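Asker: So that you have it, the file is start-v6.tsv, and it contains TSV, C-alpha atoms and all ligand atoms:
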```tsv
chain	number	residue	atom	x	y	z
A	1	MET	CA	62.14	-137.16	30.43
A	2	SER	CA	61.44	-135.28	33.69
A	3	HIS	CA	58.61	-132.76	33.43
A	4	GLU	CA	59.41	-130.81	36.62
A	5	ASN	CA	60.09	-127.44	35.01
A	6	MET	CA	58.12	-128.21	31.90
A	7	GLU	CA	54.62	-127.01	31.01
A	8	TYR	CA	52.27	-128.85	28.65
A	9	VAL	CA	51.21	-126.02	26.35
A	10	HIS	CA	50.28	-127.58	22.99
A	11	PRO	CA	47.58	-130.31	23.15
A	12	LEU	CA	47.78	-133.04	20.51
A	13	PRO	CA	44.94	-131.78	18.24
A	14	VAL	CA	46.62	-128.36	18.08
A	15	ARG	CA	49.95	-129.94	17.11
A	16	ILE	CA	48.32	-132.13	14.44
A	17	TRP	CA	46.41	-129.15	13.07
A	18	HIS	CA	49.54	-126.99	13.08
A	19	TRP	CA	51.94	-129.31	11.25
A	20	VAL	CA	49.40	-130.51	8.69
A	21	ASN	CA	48.62	-126.84	8.09
A	22	ALA	CA	52.31	-125.85	7.84
A	23	ALA	CA	53.15	-128.68	5.42
A	24	GLY	CA	49.99	-127.80	3.46
A	25	PHE	CA	50.98	-124.15	3.20
A	26	VAL	CA	54.46	-125.07	1.95
A	27	LEU	CA	52.90	-127.23	-0.80
A	28	LEU	CA	50.29	-124.58	-1.62
A	29	ILE	CA	53.01	-121.95	-1.94
A	30	ILE	CA	55.23	-124.13	-4.16
A	31	THR	CA	52.32	-125.04	-6.46
A	32	GLY	CA	50.86	-121.52	-6.15
A	33	PHE	CA	54.05	-119.96	-7.56
A	34	GLN	CA	53.97	-122.42	-10.47
A	35	ILE	CA	50.32	-121.58	-11.20
A	36	ARG	CA	50.73	-117.81	-10.85
A	37	PHE	CA	54.03	-117.59	-12.79
A	38	ALA	CA	53.48	-120.43	-15.27
A	39	GLU	CA	55.17	-118.47	-18.08
A	40	TYR	CA	58.46	-118.08	-16.13
A	41	LEU	CA	58.62	-121.24	-14.02
A	42	GLY	CA	58.69	-124.86	-15.10
A	43	TYR	CA	59.49	-127.03	-12.12
A	44	MET	CA	56.20	-128.88	-12.64
A	45	SER	CA	53.48	-128.91	-15.25
A	46	PHE	CA	50.63	-126.44	-14.88
A	47	GLU	CA	48.12	-129.31	-14.66
A	48	ALA	CA	50.08	-131.11	-11.93
A	49	ALA	CA	50.42	-127.85	-9.99
A	50	VAL	CA	46.65	-127.24	-10.16
A	51	THR	CA	45.81	-130.82	-9.15
A	52	VAL	CA	48.15	-130.80	-6.14
A	53	HIS	CA	47.05	-127.27	-5.19
A	54	ASN	CA	43.37	-128.31	-5.18
A	55	TRP	CA	43.88	-131.50	-3.18
A	56	VAL	CA	46.10	-129.85	-0.59
A	57	GLY	CA	43.63	-126.95	-0.43
A	58	PHE	CA	40.85	-129.33	0.64
A	59	ILE	CA	43.12	-130.99	3.22
A	60	VAL	CA	43.97	-127.58	4.70
A	61	ILE	CA	40.26	-126.65	4.78
A	62	ALA	CA	39.39	-129.87	6.63
A	63	ASP	CA	42.35	-129.24	8.95
A	64	TYR	CA	41.03	-125.74	9.74
A	65	PHE	CA	37.85	-127.35	11.08
A	66	LEU	CA	39.99	-129.46	13.42
A	67	TRP	CA	41.50	-126.25	14.85
A	68	PHE	CA	38.11	-124.53	15.01
A	69	PHE	CA	36.12	-127.29	16.68
A	70	TYR	CA	38.88	-128.29	19.07
A	71	TYR	CA	39.31	-124.73	20.33
A	72	PHE	CA	35.60	-123.89	20.59
A	73	ILE	CA	34.39	-127.19	22.06
A	74	THR	CA	37.07	-127.13	24.77
A	75	GLY	CA	36.65	-123.38	25.39
A	76	LYS	CA	40.43	-123.02	25.03
A	77	ILE	CA	39.85	-120.44	22.32
A	78	ARG	CA	40.04	-117.94	25.24
A	79	ILE	CA	43.85	-117.99	24.90
A	80	TYR	CA	43.44	-116.19	21.56
A	81	TYR	CA	41.38	-113.31	23.02
A	82	PRO	CA	43.43	-110.35	24.17
A	83	ASP	CA	42.64	-108.73	27.55
A	84	LEU	CA	41.67	-105.34	26.16
A	85	ASN	CA	42.40	-103.45	29.41
A	86	THR	CA	46.11	-104.23	29.32
A	87	PHE	CA	46.49	-104.98	25.63
A	88	ILE	CA	48.18	-101.85	24.26
A	89	PRO	CA	50.87	-101.48	26.96
A	90	ARG	CA	51.62	-105.20	26.64
A	91	VAL	CA	52.00	-104.93	22.84
A	92	ILE	CA	54.39	-101.99	23.28
A	93	LYS	CA	56.41	-103.84	25.91
A	94	GLN	CA	56.61	-106.96	23.73
A	95	ALA	CA	57.62	-104.97	20.64
A	96	GLN	CA	60.34	-103.19	22.65
A	97	PHE	CA	61.60	-106.60	23.72
A	98	TYR	CA	61.78	-107.97	20.14
A	99	GLY	CA	63.20	-104.73	18.73
A	100	TYR	CA	65.77	-104.02	21.46
A	101	GLY	CA	65.64	-105.89	24.78
A	102	ILE	CA	66.30	-109.27	23.22
A	103	PHE	CA	69.64	-108.04	21.85
A	104	ILE	CA	70.93	-106.92	25.27
A	105	GLY	CA	69.76	-110.06	27.07
A	106	ASP	CA	66.58	-108.74	28.75
A	107	GLU	CA	64.05	-111.28	29.94
A	108	ASN	CA	60.97	-111.87	27.76
A	109	PRO	CA	58.14	-109.85	29.40
A	110	HIS	CA	55.68	-112.67	28.67
A	111	HIS	CA	55.76	-115.96	30.58
A	112	MET	CA	54.06	-118.77	28.73
A	113	THR	CA	51.57	-121.03	30.51
A	114	ALA	CA	48.87	-123.30	29.06
A	115	GLU	CA	46.11	-120.80	29.98
A	116	ASN	CA	48.11	-117.75	28.96
A	117	LYS	CA	50.08	-119.09	26.06
A	118	PHE	CA	50.46	-116.11	23.76
A	119	ASN	CA	52.06	-112.74	24.32
A	120	ALA	CA	50.11	-109.65	23.25
A	121	MET	CA	51.70	-109.53	19.78
A	122	GLN	CA	50.97	-113.21	19.19
A	123	GLN	CA	47.34	-112.70	20.25
A	124	LYS	CA	46.91	-109.83	17.83
A	125	ALA	CA	48.60	-111.72	14.99
A	126	TYR	CA	46.95	-115.09	15.61
A	127	VAL	CA	43.41	-113.70	16.04
A	128	MET	CA	43.72	-111.88	12.71
A	129	LEU	CA	45.28	-114.92	11.10
A	130	MET	CA	42.87	-117.61	12.27
A	131	PHE	CA	39.62	-115.61	12.21
A	132	ILE	CA	40.10	-113.45	9.12
A	133	LEU	CA	43.08	-114.15	6.88
A	134	VAL	CA	43.15	-117.97	6.80
A	135	PRO	CA	39.33	-118.29	6.39
A	136	LEU	CA	39.38	-115.65	3.63
A	137	GLN	CA	42.17	-117.51	1.85
A	138	LEU	CA	40.34	-120.85	2.13
A	139	ILE	CA	37.01	-119.41	0.97
A	140	THR	CA	38.47	-117.55	-2.03
A	141	GLY	CA	40.42	-120.70	-2.92
A	142	LEU	CA	37.25	-122.78	-2.77
A	143	PHE	CA	35.40	-120.29	-5.01
A	144	LEU	CA	38.23	-120.23	-7.57
A	145	TRP	CA	38.24	-124.04	-7.61
A	146	ASP	CA	34.73	-124.08	-9.11
A	147	LEU	CA	33.64	-120.66	-10.34
A	148	THR	CA	30.41	-121.94	-11.90
A	149	ARG	CA	29.19	-123.65	-8.77
A	150	PHE	CA	29.94	-120.59	-6.62
A	151	SER	CA	29.06	-117.95	-9.25
A	152	SER	CA	26.42	-116.19	-7.13
A	153	LEU	CA	28.81	-115.92	-4.15
A	154	VAL	CA	31.63	-114.79	-6.45
A	155	ASP	CA	29.36	-112.08	-7.86
A	156	PHE	CA	28.39	-111.12	-4.32
A	157	MET	CA	32.09	-110.56	-3.51
A	158	GLY	CA	32.46	-108.34	-6.58
A	159	GLY	CA	33.38	-110.79	-9.32
A	160	VAL	CA	36.20	-113.16	-10.15
A	161	LYS	CA	38.84	-110.39	-10.39
A	162	ILE	CA	38.22	-109.32	-6.81
A	163	VAL	CA	38.20	-112.92	-5.52
A	164	ASP	CA	41.41	-113.73	-7.40
A	165	THR	CA	43.14	-110.53	-6.24
A	166	ILE	CA	42.31	-111.31	-2.59
A	167	HIS	CA	43.63	-114.86	-3.03
A	168	VAL	CA	46.90	-113.75	-4.66
A	169	PHE	CA	47.40	-110.84	-2.26
A	170	LEU	CA	46.96	-113.15	0.74
A	171	PHE	CA	49.29	-115.64	-0.93
A	172	TYR	CA	52.08	-113.03	-0.78
A	173	PHE	CA	51.11	-112.22	2.76
A	174	PHE	CA	51.41	-115.89	3.80
A	175	VAL	CA	54.82	-116.24	2.13
A	176	THR	CA	56.02	-113.29	4.24
A	177	PHE	CA	54.17	-114.48	7.33
A	178	MET	CA	55.83	-117.88	7.22
A	179	ILE	CA	59.32	-116.36	7.08
A	180	VAL	CA	58.62	-113.99	10.01
A	181	HIS	CA	56.76	-116.69	11.95
A	182	ALA	CA	59.59	-119.22	11.49
A	183	TYR	CA	62.13	-116.57	12.62
A	184	LEU	CA	60.09	-115.71	15.74
A	185	ALA	CA	59.75	-119.43	16.44
A	186	THR	CA	63.55	-119.56	16.96
A	187	LEU	CA	63.45	-116.99	19.79
A	188	GLY	CA	62.76	-119.37	22.67
A	189	HIS	CA	65.33	-120.00	25.40
A	190	THR	CA	67.21	-121.93	22.70
A	191	ALA	CA	66.78	-121.61	18.94
A	192	THR	CA	64.89	-124.90	18.69
A	193	ALA	CA	62.93	-124.81	22.00
A	194	HIS	CA	59.59	-123.53	20.59
A	195	MET	CA	59.94	-125.73	17.53
A	196	ILE	CA	60.47	-128.89	19.60
A	197	ALA	CA	57.60	-127.86	21.91
A	198	MET	CA	55.28	-127.63	18.90
A	199	PHE	CA	56.09	-131.32	18.28
A	200	THR	CA	56.16	-132.68	21.86
A	201	GLY	CA	53.64	-130.30	23.46
A	202	TRP	CA	56.00	-129.46	26.36
A	203	GLU	CA	57.69	-126.09	26.78
A	204	GLU	CA	60.50	-125.63	29.31
A	205	HIS	CA	60.29	-122.86	31.94
A	206	HIS	CA	63.21	-120.47	32.32
B	301	LIG	C1	57.26	-124.19	8.25
B	301	LIG	C2	56.38	-123.36	8.72
B	301	LIG	C3	56.05	-123.13	10.18
B	301	LIG	C4	56.83	-123.26	11.33
B	301	LIG	C5	58.28	-123.65	11.43
B	301	LIG	C6	55.97	-122.90	12.46
B	301	LIG	C7	56.37	-122.90	13.80
B	301	LIG	C8	55.54	-122.67	14.88
B	301	LIG	C9	55.90	-122.79	16.27
B	301	LIG	C10	57.27	-123.22	16.78
B	301	LIG	C11	54.82	-122.46	17.03
B	301	LIG	C12	54.73	-122.43	18.57
B	301	LIG	C13	55.10	-121.09	19.09
B	301	LIG	C14	53.92	-120.17	19.10
B	301	LIG	O1	52.88	-120.50	19.69
B	301	LIG	O2	54.05	-119.08	18.51
B	301	LIG	C15	53.74	-122.12	16.13
B	301	LIG	C16	52.45	-121.75	16.49
B	301	LIG	C17	51.46	-121.34	15.63
B	301	LIG	N1	51.56	-121.28	14.24
B	301	LIG	FE1	53.12	-121.92	13.14
B	301	LIG	N2	54.72	-122.58	11.98
B	301	LIG	C18	54.72	-122.72	10.61
B	301	LIG	C19	53.66	-122.48	9.75
B	301	LIG	C20	52.45	-121.92	10.14
B	301	LIG	C21	51.39	-121.53	9.22
B	301	LIG	C22	51.45	-121.68	7.71
B	301	LIG	C23	50.38	-121.01	9.97
B	301	LIG	C24	49.05	-120.43	9.55
B	301	LIG	C25	48.74	-120.06	8.35
B	301	LIG	C26	50.80	-121.07	11.37
B	301	LIG	C27	50.05	-120.62	12.43
B	301	LIG	C28	50.37	-120.80	13.76
B	301	LIG	C29	49.47	-120.50	14.87
B	301	LIG	C30	48.05	-119.92	14.77
B	301	LIG	C31	50.14	-120.88	16.03
B	301	LIG	C32	49.58	-120.86	17.45
B	301	LIG	C33	48.89	-122.23	17.58
B	301	LIG	C34	48.22	-122.48	18.91
B	301	LIG	O3	48.95	-122.79	19.85
B	301	LIG	O4	46.99	-122.35	18.99
B	301	LIG	N3	52.06	-121.63	11.42
B	301	LIG	N4	54.21	-122.25	14.81
```
Take the structure in this file and express it as structure tokens.
Answerer:
Amino acid sequence: MSHENMEYVHPLPVRIWHWVNAAGFVLLIITGFQIRFAEYLGYMSFEAAVTVHNWVGFIVIADYFLWFFYYFITGKIRIYYPDLNTFIPRVIKQAQFYGYGIFIGDENPHHMTAENKFNAMQQKAYVMLMFILVPLQLITGLFLWDLTRFSSLVDFMGGVKIVDTIHVFLFYFFVTFMIVHAYLATLGHTATAHMIAMFTGWEEHH
């Protein structure tokens, strides 16, 4: 394959983290539905759902550390930080593109490079996701896994009802996120371009 008009945007650790995480989330959602709606669903036993959910939960937690350490040790975490001086106009421009421009064939206002990988909307979404929502989901999951061991931290967060509500609320959020995220992932220069790039690392310039 010639790499002349290609840019290497997704280093290997990021790709490993991403697909382990994505597969993990699919399994967590499938087992999560069975656990949450045990009285209506029966595609697996409650015990099996809990066992798989716990194991996959720990794999996803370990995987998060791969993302975290890779990005901080290499300093590449900078790509997640929005440039606050130009942030708001860039978000508006990007939203106009997704809401309108894309349908009349306008060019994407953001041009992806390895150092400037995300558009303003991605930065906003991914910073929230990776610094707040994913950690909160992993921590509340860990606490619910062993309430006795973490009882003082659970009390600190306001008790088991609060911890469980956060976990279930974020669960719904992630179900929605994955649908929107997978749709946006088809909006490259072809429907599969971003998807393939997330496997090979190379994105084509257009
Ligand atoms: C089947 C499910 C999924 C598919 C098909 C998918 C697809 C993709 C694709 C194509 C990209 C590259 C384009 C981009 O940078 O926006 C990407 C990046 C990303 N995805 Fe996903 N994804 C999935 C699940 C998830 C989940 C569950 C999470 C987090 C909870 C997630 C978080 C991210 C993040 C943070 C990036 C940017 C990674 C980086 O370059 O640092 N994805 N995804």
Asker: Could you tell me, counting all atoms listed in the file, which protein and nucleic acid residues lie no more than 7 Å from ligand LIG 301 (chain B), written as number ranges by chain?
Answerer: A: 10, 14, 18, 21-23, 25-26, 118, 122, 126, 129-130, 134, 174, 178, 181-182, 185, 194-195, 197-198
Asker: Tell me, counting all atoms listed in the file, for each residue of range 13-104 of chain A within 8 Å of range 109-114 of chain A, which pair of atoms is nearest and how far apart they are in Å to one decimal, in rows ordered by chain and increasing number, as JSON lines.
Answerer:
```
{"residue": "A:Lys93", "atom": "CA", "partner": "A:Pro109", "partner_atom": "CA", "distance": 7.2}
{"residue": "A:Gln94", "atom": "CA", "partner": "A:Pro109", "partner_atom": "CA", "distance": 6.5}
{"residue": "A:Phe97", "atom": "CA", "partner": "A:Pro109", "partner_atom": "CA", "distance": 7.4}
```
Asker: Please, could you write that set of residues out with C-alpha atoms as a PDB file, in the coordinates of the input?
Answerer:
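Writing the result to part01.pdb gives the following:
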```pdb
ATOM      1  CA  LYS A  93      56.410-103.840  25.910  1.00  0.00           C
ATOM      2  CA  GLN A  94      56.610-106.960  23.730  1.00  0.00           C
ATOM      3  CA  PHE A  97      61.600-106.600  23.720  1.00  0.00           C
TER       4      PHE A  97
END
```
Asker: Any idea what's packed within 10 Å of range 46-54 of chain A, counting all atoms listed in the file, ignoring anything in its chain fewer than 3 positions away? Could you give it as a list in words?
Answerer: Gly24, Phe25, Leu27, Leu28, Ile29, Ile30, Thr31, Gly32, Phe33, Gln34, Ile35, Arg36, Phe37, Ala38, Glu39, Leu41, Gly42, Tyr43, Gly57, Phe58, Ile59, Val60, Gly141, Leu142, Leu144 and Trp145 of chain A
Asker: Kindly extract all protein, DNA and RNA residues lying within 10 Å of the coordinates (41.3, -133.6, 15.5) given in the file, considering all atoms listed in the file, and supply them as a VMD selection string.
Answerer: chain A and resid 12 to 17 62 to 70
Asker: Could you write those residues out with C-alpha atoms, as a short mmCIF file (atom, residue, chain, number, x, y, z; two decimals), in the frame of the given file?
Answerer:
```
data_model
loop_
_atom_site.label_atom_id
_atom_site.label_comp_id
_atom_site.auth_asym_id
_atom_site.auth_seq_id
_atom_site.Cartn_x
_atom_site.Cartn_y
_atom_site.Cartn_z
CA LEU A 12 47.78 -133.04 20.51
CA PRO A 13 44.94 -131.78 18.24
CA VAL A 14 46.62 -128.36 18.08
CA ARG A 15 49.95 -129.94 17.11
CA ILE A 16 48.32 -132.13 14.44
CA TRP A 17 46.41 -129.15 13.07
CA ALA A 62 39.39 -129.87 6.63
CA ASP A 63 42.35 -129.24 8.95
CA TYR A 64 41.03 -125.74 9.74
CA PHE A 65 37.85 -127.35 11.08
CA LEU A 66 39.99 -129.46 13.42
CA TRP A 67 41.50 -126.25 14.85
CA PHE A 68 38.11 -124.53 15.01
CA PHE A 69 36.12 -127.29 16.68
CA TYR A 70 38.88 -128.29 19.07
#
```
Asker: Report, in Å to a single decimal, how far apart CA of Val154 in chain A and CA of Phe169 in chain A are.
Answerer: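 Computed distance, CA of Phe169 in chain A to CA of Val154 in chain A, equals 16.8 Å.
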Asker: Write out N, CA and C atoms for range 10-27 of chain A, as a PDB file, in the frame of the given file.
Answerer:
```
ATOM      1  N   HIS A  10      50.906-127.326  24.296  1.00  0.00           N
ATOM      2  CA  HIS A  10      50.280-127.580  22.990  1.00  0.00           C
ATOM      3  C   HIS A  10      49.606-128.947  22.979  1.00  0.00           C
ATOM      4  N   PRO A  11      48.275-129.019  23.198  1.00  0.00           N
ATOM      5  CA  PRO A  11      47.580-130.310  23.150  1.00  0.00           C
ATOM      6  C   PRO A  11      47.701-130.965  21.772  1.00  0.00           C
ATOM      7  N   LEU A  12      47.561-132.281  21.751  1.00  0.00           N
ATOM      8  CA  LEU A  12      47.780-133.040  20.510  1.00  0.00           C
ATOM      9  C   LEU A  12      46.992-132.521  19.301  1.00  0.00           C
ATOM     10  N   PRO A  13      45.663-132.254  19.436  1.00  0.00           N
ATOM     11  CA  PRO A  13      44.940-131.780  18.240  1.00  0.00           C
ATOM     12  C   PRO A  13      45.522-130.495  17.659  1.00  0.00           C
ATOM     13  N   VAL A  14      46.027-129.614  18.550  1.00  0.00           N
ATOM     14  CA  VAL A  14      46.620-128.360  18.080  1.00  0.00           C
ATOM     15  C   VAL A  14      47.907-128.648  17.296  1.00  0.00           C
ATOM     16  N   ARG A  15      48.692-129.608  17.809  1.00  0.00           N
ATOM     17  CA  ARG A  15      49.950-129.940  17.110  1.00  0.00           C
ATOM     18  C   ARG A  15      49.662-130.598  15.763  1.00  0.00           C
ATOM     19  N   ILE A  16      48.669-131.496  15.737  1.00  0.00           N
ATOM     20  CA  ILE A  16      48.320-132.130  14.440  1.00  0.00           C
ATOM     21  C   ILE A  16      47.856-131.059  13.469  1.00  0.00           C
ATOM     22  N   TRP A  17      46.900-130.220  13.944  1.00  0.00           N
ATOM     23  CA  TRP A  17      46.410-129.150  13.070  1.00  0.00           C
ATOM     24  C   TRP A  17      47.594-128.341  12.542  1.00  0.00           C
ATOM     25  N   HIS A  18      48.507-127.939  13.463  1.00  0.00           N
ATOM     26  CA  HIS A  18      49.540-126.990  13.080  1.00  0.00           C
ATOM     27  C   HIS A  18      50.480-127.550  12.007  1.00  0.00           C
ATOM     28  N   TRP A  19      50.933-128.806  12.185  1.00  0.00           N
ATOM     29  CA  TRP A  19      51.940-129.310  11.250  1.00  0.00           C
ATOM     30  C   TRP A  19      51.330-129.760   9.926  1.00  0.00           C
ATOM     31  N   VAL A  20      50.079-130.235   9.963  1.00  0.00           N
ATOM     32  CA  VAL A  20      49.400-130.510   8.690  1.00  0.00           C
ATOM     33  C   VAL A  20      49.222-129.187   7.935  1.00  0.00           C
ATOM     34  N   ASN A  21      48.823-128.156   8.685  1.00  0.00           N
ATOM     35  CA  ASN A  21      48.620-126.840   8.090  1.00  0.00           C
ATOM     36  C   ASN A  21      49.934-126.280   7.512  1.00  0.00           C
ATOM     37  N   ALA A  22      51.020-126.400   8.294  1.00  0.00           N
ATOM     38  CA  ALA A  22      52.310-125.850   7.840  1.00  0.00           C
ATOM     39  C   ALA A  22      52.787-126.575   6.581  1.00  0.00           C
ATOM     40  N   ALA A  23      52.733-127.914   6.597  1.00  0.00           N
ATOM     41  CA  ALA A  23      53.150-128.680   5.420  1.00  0.00           C
ATOM     42  C   ALA A  23      52.251-128.312   4.234  1.00  0.00           C
ATOM     43  N   GLY A  24      50.948-128.181   4.508  1.00  0.00           N
ATOM     44  CA  GLY A  24      49.990-127.800   3.460  1.00  0.00           C
ATOM     45  C   GLY A  24      50.340-126.453   2.861  1.00  0.00           C
ATOM     46  N   PHE A  25      50.648-125.481   3.714  1.00  0.00           N
ATOM     47  CA  PHE A  25      50.980-124.150   3.200  1.00  0.00           C
ATOM     48  C   PHE A  25      52.250-124.187   2.344  1.00  0.00           C
ATOM     49  N   VAL A  26      53.230-124.982   2.753  1.00  0.00           N
ATOM     50  CA  VAL A  26      54.460-125.070   1.950  1.00  0.00           C
ATOM     51  C   VAL A  26      54.098-125.593   0.546  1.00  0.00           C
ATOM     52  N   LEU A  27      53.293-126.668   0.501  1.00  0.00           N
ATOM     53  CA  LEU A  27      52.900-127.230  -0.800  1.00  0.00           C
ATOM     54  C   LEU A  27      52.043-126.249  -1.606  1.00  0.00           C
TER      55      LEU A  27
END
```
